[in-house]
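Scroll down for the structure; my scribbles are underneath it.
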Amino acid sequence: MDFKKVSYGGWPNCYRLSNSILDLVLTADVGPRIIRFGFCDGVNEFKEFPEQIGQTGGDEWRAYGGHRLWHSPEAQPRTYFPDNFPVTVERHGERVHVTQPMEATTGIQKELDIRFVKGAAQVLVNHRLTNLGLWPVELSVWCLSVMQAGGVGILPLPPRGVHSPQSLLPSNTMGIWIYTDMSDARWTWGRRFILLQQDSRATTAQKVGLSNPEGWAAYARGKHLFLKQVTYQPGVSYPDMGCSVELFTNRDMQEIETLSPLTKLEPGQSVEHLETWTLLDGVPQPHTEAEVEKHVLPAIQPFLK
């Protein structure tokens with residue numbers, strides 16, 4: 001792994017990690033934040049907000065773009081503690097560790113551990129929340145990748161079947177928000193997949209969440225496919241009425257989000273949530289469920305657990 005300090009977008013203290021296939025950029029002036037991710041010398045798969053890139057300090061939360069770590073359930077102001085201040089970035093062999101100081105208003109400390117898969121277009125990103133406060137906190141690790149505009153998010157549904165005495169109970173849950181409009185043209189509600197198209201002409205936001213035993217979600221844009229994988233834990237409580245993966249979009253971007261089970265963290269305890277990112281080239285962006293089955297499934301099948 002190549003690891004070097006760089007300037008990026010007006011932040012003088014950033015770090016570029018690369019395995020000669022992929023590269024990513026961590027910010028040390030704010031964070032924890034992975035502001036860039038993509039093929040070496042290729043486009044940034046993550047959205048950046050130019051008016052915010054390079055800023056530091058202040059008590060107003062900024063989106064910045066990139067990949068961030070939150071804790072769920074979402075609440076104002078708890079979730080929106082501003083990550084506008086320096087973090088510690090350390091290399092430990094083939095692993096890079098990022099530590100944020102304790103959030104003053106929540107008592108929670110955020111950390112990332114990042115490691116490339118040797119010789120592959122894959123990155124392992126482990127997210128950790130630690131309760132440094134004085135009382136227990138119930139929360140979920142919430143990992144949000146903010147993707148460039150113009151693509152389509154893909155969520156798999158559990159295996160389908162037919163009505164029978166063996167299929168009397170629901171197979172998974174779905175969460176919708178007060179602003180979710182299921183008639184919006186950006187949605188495709190398929191038999192095996194849900195698709196959500198990002199549209200820069202849109203005037204409203206859309207969101208959906210699922211309990212996701214398949215353990216993956218994806219974002220396709222042009223010929224690139226970003227695959228995010230996590231381990232689903234059946235029989236436990238997830239936030240947002242049981243959601244382990246969520247898609248959110250507005251006119252600027254789309255978020256591919258995963259969540260850990262809800263955990264009651266005692267003072268001094270930590271909880272972790274591991275994501276595996278895979279970036280594929282040459283996968284046509286699908287517009288229909290049939291195109292997901294034709295192009296996306298064969299491409300990701302070797303990576304599915």
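Going by the structure tokens order, chains are called A, B, ..., each with residues numbered from 1, while ligands are numbered from 1 in the order shown.
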I'd like the neighbourhood of A:Pro170 as a PyMOL selection string, where a residue qualifies if any of its atoms comes within 12 Å (using only C-alpha atoms), though same-chain residues fewer than 2 positions away should be ignored. chain A and resi 158-161+163+166-168+172-174+211
Counting only C-alpha atoms, which residue out of A:Ile35, A:Ile21, A:Met241, A:Ile300 sits closest to A:Ala120? A:Ile21
Which residue gives the smallest distance to A:Ala218 among A:Val96, A:Val146, A:Leu304, A:Ile154, with only C-alpha atoms counted? A:Ile154
Nearest to A:Pro32 by atom-to-atom distance, counting only C-alpha atoms, from A:Leu144, A:Gly9, A:Phe116, A:Ser18: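 Checking each of A:Leu144, A:Gly9, A:Phe116, A:Ser18 against A:Pro32, counting only C-alpha atoms, the winner is A:Leu144.
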